[in-house]
Amino acid sequence: MNRKYAIGVDYGTQSGRAVLVDLSNGHELSDHVTPYAHHVIDERLPHSGTTLEADWALQHPLDYIEVLTMSIPAVMKQSDIDPADVIGIGIDFTACTMLPITEHHEPLCTLDAYRDNPHSWVKLWKHHAAQDEANLINEIAAKRSEKWLARYGGKISSEWMLAKIWQILNEAPDIYEAADQFVEATDWVISQLTGQMIRNSCTAGYKAIWHKQDGYPSESFLASLDPRLEKLADTKLRGDIVPLGTKAGELNEKLAALTGLRPGIAVAVGNVDAHAAVPAVGVVTPGKLVMAMGTSICHMLLGDEEKEVEGMCGVVEDGIIPGFYGYEAGQSAVGDIFEWYVDEAVPAYVKEEAAQAGVSVHEWLEGKAALQHPGQSGLLALDWWNGNRSTLVDTDLTGLLLGCTLLTKPEEIYRALLESTAYGTRKIVDAFRSSGVAVDTLYACGGLPQKNRLLMQIYADVTNMEIKVADSKHTPAVGAAMFAAVAAGPEAGGYPSIVEAAENMARVREESFKPNPSHAAVYEELYQEYVTLHDYFGRGGNDVMKRLKKLKKQY
């Protein structure tokens, strides 16, 4: 019997990647990355050059289609697999990454009448310019004692759907009126593959305040925000919402021709990158926290019951694995912090020495930083270079580096930044545990665990927990392929459930990262200092970060 395969496409912040996966064992036969031609649009719009204000982050939706038309043919060519043996395709995406579309599913930014207005474009997950709207949503929801607020840790984020929609309504009402629907980018791409607009329960639950039993927030709540929003759920958020693994439709003739796949194969509903990664590392039971580590981190965890956890991004029934409550938390910047430091703050001599040694600047800094002991530099940092997603849920917080002297070296700052992100993860773990949600083991996937062993050892030492690492370069894409196999079903050579797919396809490395007891003891002291700074600057003891940001916005 011929082996069967599926394609998973993972849409990240800076690029998209396709992976061809063997459904019998989860092995990746080939992969291909397509960088987004327009990158992250955070300074000015293409074509018009319209300047964007602070905290904006947009993307071009046609870059997502180019990933399909470039990367899928590439993985098929590399593998030399017969397209007849590919039974399905699945995708995952950063979220909330949203856009306004017409009734014909056209992005408004692709139309001449709207493309010069920034609000017509895709708002990337890290678009934080809707913080004012998020603050009001939280304030009004708390005053009204909206029961859904506790399911999101007491605060919803400026990154999420409702805040972004309300910003559009406030600042560009013509765009709001022109939009037939506001949709997640993952659902939009699926509509391009199938011709069907179907919303997935994962993004709806975690990013659009949708509940399996209760639906969206009530009309009375939406009207309390703005009378113009009263019918939002039934109009611009309308549509079927279906569970992960559902077949959204079949690959249409147009995209089949552009990708080289057979028309009619199963297309799974869209997913979120971190959520797709969970079954791909074999996690289908509670107590195992999966960290999808890249430009940011999403922390995914399963539980047997619904608990209230401070600052969590949400708890959604069946949100990750059917039969469990799926918890999400996260850090808004991790790899982005390290990239900022290397690109903007590293002295020239470091780059010169790295070039002479034939290594990247990151590798040079990691090598030097690995020679240090915890606490040796005298430095401590807060990891809020892109705000705080969990547990404070406040994008107006900013980064902090404490303890510098005239003797401080670049590698010491680099290590302090690595450590700061580990402290941020430890804070999230502590929040789950204090609310009665078990965290016993950590799993890591994504780009960072593949590149930086020091980072992973620091995380193990700071959390004092073993970390198992995915045996894949593109774990979310493998997870997306697994859900495609479920959408195709056993009759086509796939699987009846994601649990069964995980039993056969999930892979982790034999090697894991175990905590060093002496390092863990020092990091416990440093972490308590981090918590003091975290609470002082993050819980109102000193709002200097917000005051500085307010002054900055005046220029």
# chains A, B, ... in the order shown; residues from 1 in each chain; ligands from 1
>>> residues_around(residues="Asn135 (chain A)", least_positions_apart="6", cutoff="12 Å", atoms="only C-alpha atoms", output="PyMOL selection string")
chain A and resi 128-129+141-142+154-159+162-163+166-167+225+393-396
>>> write_last_selection(atoms="N, CA and C atoms", output="mmCIF file, in the first residue's frame")
data_model
loop_
_atom_site.group_PDB
_atom_site.id
_atom_site.type_symbol
_atom_site.label_atom_id
_atom_site.label_comp_id
_atom_site.auth_asym_id
_atom_site.auth_seq_id
_atom_site.Cartn_x
_atom_site.Cartn_y
_atom_site.Cartn_z
ATOM 1 N N HIS A 128 -0.070 46.714 18.379
ATOM 2 C CA HIS A 128 -0.460 47.077 19.743
ATOM 3 C C HIS A 128 -1.102 48.462 19.839
ATOM 4 N N ALA A 129 -1.495 49.016 18.699
ATOM 5 C CA ALA A 129 -2.022 50.376 18.701
ATOM 6 C C ALA A 129 -3.470 50.451 19.178
ATOM 7 N N ALA A 141 -15.998 45.758 31.013
ATOM 8 C CA ALA A 141 -16.340 44.360 31.325
ATOM 9 C C ALA A 141 -16.269 44.109 32.822
ATOM 10 N N ALA A 142 -15.252 44.681 33.487
ATOM 11 C CA ALA A 142 -15.122 44.494 34.937
ATOM 12 C C ALA A 142 -16.285 45.156 35.674
ATOM 13 N N GLY A 154 -8.726 37.931 33.475
ATOM 14 C CA GLY A 154 -9.127 39.233 33.984
ATOM 15 C C GLY A 154 -8.864 40.385 33.045
ATOM 16 N N LYS A 155 -8.192 40.135 31.925
ATOM 17 C CA LYS A 155 -7.908 41.184 30.952
ATOM 18 C C LYS A 155 -7.847 40.585 29.559
ATOM 19 N N ILE A 156 -8.385 41.302 28.584
ATOM 20 C CA ILE A 156 -8.128 40.913 27.197
ATOM 21 C C ILE A 156 -7.066 41.860 26.634
ATOM 22 N N SER A 157 -6.403 41.411 25.591
ATOM 23 C CA SER A 157 -5.222 42.096 25.075
ATOM 24 C C SER A 157 -5.551 43.000 23.892
ATOM 25 N N SER A 158 -4.708 44.001 23.719
ATOM 26 C CA SER A 158 -4.815 44.849 22.527
ATOM 27 C C SER A 158 -4.512 44.062 21.258
ATOM 28 N N GLU A 159 -3.909 42.889 21.404
ATOM 29 C CA GLU A 159 -3.582 42.067 20.244
ATOM 30 C C GLU A 159 -4.821 41.369 19.672
ATOM 31 N N LEU A 162 -11.409 41.949 19.120
ATOM 32 C CA LEU A 162 -12.364 43.006 19.450
ATOM 33 C C LEU A 162 -11.684 44.365 19.573
ATOM 34 N N ALA A 163 -10.522 44.412 20.239
ATOM 35 C CA ALA A 163 -9.812 45.684 20.382
ATOM 36 C C ALA A 163 -9.411 46.231 19.019
ATOM 37 N N TRP A 166 -12.501 47.548 17.147
ATOM 38 C CA TRP A 166 -12.977 48.819 17.711
ATOM 39 C C TRP A 166 -12.046 49.961 17.321
ATOM 40 N N GLN A 167 -10.742 49.700 17.242
ATOM 41 C CA GLN A 167 -9.817 50.737 16.785
ATOM 42 C C GLN A 167 -10.169 51.163 15.359
ATOM 43 N N LEU A 225 -19.954 49.295 24.832
ATOM 44 C CA LEU A 225 -18.674 49.822 24.332
ATOM 45 C C LEU A 225 -18.944 50.956 23.349
ATOM 46 N N VAL A 393 -0.668 41.517 31.131
ATOM 47 C CA VAL A 393 -1.494 41.883 29.974
ATOM 48 C C VAL A 393 -1.491 43.403 29.785
ATOM 49 N N ASP A 394 -0.318 43.933 29.484
ATOM 50 C CA ASP A 394 -0.170 45.388 29.377
ATOM 51 C C ASP A 394 0.908 45.702 28.342
ATOM 52 N N THR A 395 0.491 46.162 27.181
ATOM 53 C CA THR A 395 1.459 46.454 26.122
ATOM 54 C C THR A 395 2.158 47.787 26.317
ATOM 55 N N ASP A 396 1.762 48.563 27.334
ATOM 56 C CA ASP A 396 2.425 49.837 27.595
ATOM 57 C C ASP A 396 3.657 49.677 28.492
#
>>> select_by_dssp(residues="region 77-131 of chain A", states="strand (DSSP E)", output="PyMOL selection string")
chain A and resi 86-93+98-101+122-123
>>> atom_distance(atom1="CA of Gly541 (chain A)", atom2="CA of Leu392 (chain A)")
13.4 Å
>>> closest_residue(among="A:Met197, A:Leu406, A:Leu417, A:Leu379", to="Val342 (chain A)", atoms="only C-alpha atoms")
A:Leu417
>>> closest_residue(among="A:Asp471, A:Asp543, A:Asp112, A:Asp180", to="Gln450 (chain A)", atoms="only C-alpha atoms")
A:Asp471
>>> residues_around(residues="Gly260 (chain A)", least_positions_apart="2", cutoff="10 Å", atoms="only C-alpha atoms", output="VMD selection string")
chain A and resid 69 72 to 74 76 to 77 83 255 to 258 262 to 263
>>> residues_around(residues="Asn200 (chain A)", least_positions_apart="3", cutoff="12 Å", atoms="only C-alpha atoms", output="MDAnalysis selection string")
chainID A and resid 91:93 95 183:188 190:191 197 203:208 210 212 239:248 268:272 318:320
>>> write_last_selection(atoms="C-alpha atoms", output="compact mmCIF listing (two decimals), in the first residue's frame")
# COMPACT_ATOMS: atom_id res chain seq x y z
CA ILE A 91 -2.17 25.57 8.03
CA ASP A 92 -1.35 27.38 11.22
CA PHE A 93 -0.88 31.09 11.84
CA ALA A 95 -2.92 35.11 16.05
CA VAL A 183 -11.54 37.50 9.85
CA GLU A 184 -8.43 35.83 11.14
CA ALA A 185 -5.74 35.52 8.48
CA THR A 186 -5.68 31.76 9.00
CA ASP A 187 -9.39 31.57 8.09
CA TRP A 188 -8.87 33.89 5.12
CA ILE A 190 -8.35 28.65 4.07
CA SER A 191 -11.06 30.53 2.15
CA MET A 197 -15.23 31.03 4.70
CA THR A 203 -8.85 31.55 17.13
CA ALA A 204 -12.49 32.35 17.88
CA GLY A 205 -12.13 31.06 21.42
CA TYR A 206 -8.75 32.47 22.32
CA LYS A 207 -8.70 35.69 20.32
CA ALA A 208 -12.33 36.73 19.71
CA TRP A 210 -16.13 33.24 21.70
CA LYS A 212 -18.57 26.99 23.01
CA GLY A 239 -20.18 32.47 10.16
CA ASP A 240 -19.86 28.85 11.19
CA ILE A 241 -17.31 28.13 13.93
CA VAL A 242 -16.03 24.57 13.85
CA PRO A 243 -13.52 22.48 15.87
CA LEU A 244 -9.91 21.83 14.93
CA GLY A 245 -9.47 18.88 12.61
CA THR A 246 -12.72 19.66 10.80
CA LYS A 247 -12.58 19.49 7.03
CA ALA A 248 -13.11 23.07 5.83
CA ALA A 268 -8.39 21.37 7.40
CA VAL A 269 -9.75 24.45 9.12
CA GLY A 270 -7.14 27.00 10.17
CA ASN A 271 -5.21 26.76 13.42
CA VAL A 272 -2.87 28.83 15.60
CA ASP A 318 -11.58 21.60 23.16
CA GLY A 319 -9.35 24.54 22.18
CA ILE A 320 -6.25 22.41 21.64
>>> residues_around(residues="region 521-534 of chain A", least_positions_apart="4", cutoff="8 Å", atoms="only C-alpha atoms", output="count of residues only")
12
>>> closest_residue(among="A:Asp55, A:Asn504, A:Leu454, A:Leu68", to="Asp132 (chain A)", atoms="only C-alpha atoms")
A:Asp55
>>> closest_residue(among="A:Val267, A:Ala357, A:Ala506, A:Val334", to="Ala422 (chain A)", atoms="only C-alpha atoms")
A:Val334
>>> residues_around(residues="Asp226 (chain A)", least_positions_apart="4", cutoff="12 Å", atoms="only C-alpha atoms", output="PyMOL selection string")
chain A and resi 133+136-137+140+162-163+165-167+169-170+219-222+230-232
>>> write_last_selection(atoms="N, CA and C atoms", output="PDB file, in the first residue's frame")
ATOM      1  N   GLU A 133      -8.376  50.960  23.329  1.00  0.00           N
ATOM      2  CA  GLU A 133      -9.624  50.204  23.204  1.00  0.00           C
ATOM      3  C   GLU A 133      -9.619  49.005  24.158  1.00  0.00           C
ATOM      4  N   LEU A 136     -10.401  50.066  27.712  1.00  0.00           N
ATOM      5  CA  LEU A 136     -11.821  50.349  27.926  1.00  0.00           C
ATOM      6  C   LEU A 136     -12.649  49.066  27.957  1.00  0.00           C
ATOM      7  N   ILE A 137     -12.316  48.121  27.083  1.00  0.00           N
ATOM      8  CA  ILE A 137     -13.025  46.834  27.088  1.00  0.00           C
ATOM      9  C   ILE A 137     -12.890  46.178  28.459  1.00  0.00           C
ATOM     10  N   ILE A 140     -14.861  48.303  31.242  1.00  0.00           N
ATOM     11  CA  ILE A 140     -16.319  48.176  31.153  1.00  0.00           C
ATOM     12  C   ILE A 140     -16.758  46.748  31.490  1.00  0.00           C
ATOM     13  N   LEU A 162     -11.409  41.949  19.120  1.00  0.00           N
ATOM     14  CA  LEU A 162     -12.364  43.006  19.450  1.00  0.00           C
ATOM     15  C   LEU A 162     -11.684  44.365  19.573  1.00  0.00           C
ATOM     16  N   ALA A 163     -10.522  44.412  20.239  1.00  0.00           N
ATOM     17  CA  ALA A 163      -9.812  45.684  20.382  1.00  0.00           C
ATOM     18  C   ALA A 163      -9.411  46.231  19.019  1.00  0.00           C
ATOM     19  N   ILE A 165     -10.818  45.579  16.077  1.00  0.00           N
ATOM     20  CA  ILE A 165     -12.010  46.015  15.340  1.00  0.00           C
ATOM     21  C   ILE A 165     -12.479  47.384  15.842  1.00  0.00           C
ATOM     22  N   TRP A 166     -12.501  47.548  17.147  1.00  0.00           N
ATOM     23  CA  TRP A 166     -12.977  48.819  17.711  1.00  0.00           C
ATOM     24  C   TRP A 166     -12.046  49.961  17.321  1.00  0.00           C
ATOM     25  N   GLN A 167     -10.742  49.700  17.242  1.00  0.00           N
ATOM     26  CA  GLN A 167      -9.817  50.737  16.785  1.00  0.00           C
ATOM     27  C   GLN A 167     -10.169  51.163  15.359  1.00  0.00           C
ATOM     28  N   LEU A 169     -13.106  50.981  13.932  1.00  0.00           N
ATOM     29  CA  LEU A 169     -14.344  51.756  13.996  1.00  0.00           C
ATOM     30  C   LEU A 169     -14.093  53.180  14.475  1.00  0.00           C
ATOM     31  N   ASN A 170     -13.227  53.335  15.473  1.00  0.00           N
ATOM     32  CA  ASN A 170     -12.951  54.663  16.029  1.00  0.00           C
ATOM     33  C   ASN A 170     -12.164  55.545  15.068  1.00  0.00           C
ATOM     34  N   GLU A 219     -24.923  41.313  22.988  1.00  0.00           N
ATOM     35  CA  GLU A 219     -25.179  42.571  22.289  1.00  0.00           C
ATOM     36  C   GLU A 219     -25.188  43.744  23.261  1.00  0.00           C
ATOM     37  N   SER A 220     -25.699  43.514  24.475  1.00  0.00           N
ATOM     38  CA  SER A 220     -25.748  44.614  25.441  1.00  0.00           C
ATOM     39  C   SER A 220     -24.347  45.049  25.847  1.00  0.00           C
ATOM     40  N   PHE A 221     -23.437  44.082  25.983  1.00  0.00           N
ATOM     41  CA  PHE A 221     -22.052  44.466  26.299  1.00  0.00           C
ATOM     42  C   PHE A 221     -21.426  45.215  25.132  1.00  0.00           C
ATOM     43  N   LEU A 222     -21.572  44.689  23.929  1.00  0.00           N
ATOM     44  CA  LEU A 222     -20.981  45.343  22.759  1.00  0.00           C
ATOM     45  C   LEU A 222     -21.546  46.751  22.590  1.00  0.00           C
ATOM     46  N   GLU A 230     -23.130  47.008  18.449  1.00  0.00           N
ATOM     47  CA  GLU A 230     -24.149  46.134  19.046  1.00  0.00           C
ATOM     48  C   GLU A 230     -24.352  44.835  18.261  1.00  0.00           C
ATOM     49  N   LYS A 231     -24.403  44.921  16.944  1.00  0.00           N
ATOM     50  CA  LYS A 231     -24.694  43.747  16.115  1.00  0.00           C
ATOM     51  C   LYS A 231     -23.431  43.126  15.514  1.00  0.00           C
ATOM     52  N   LEU A 232     -22.279  43.464  16.060  1.00  0.00           N
ATOM     53  CA  LEU A 232     -21.011  42.996  15.493  1.00  0.00           C
ATOM     54  C   LEU A 232     -20.973  41.481  15.329  1.00  0.00           C
TER      55      LEU A 232
END
>>> residues_around(residues="region 432-439 of chain A", least_positions_apart="4", cutoff="6 Å", atoms="only C-alpha atoms", output="ChimeraX atom specification")
/A:287-288,309
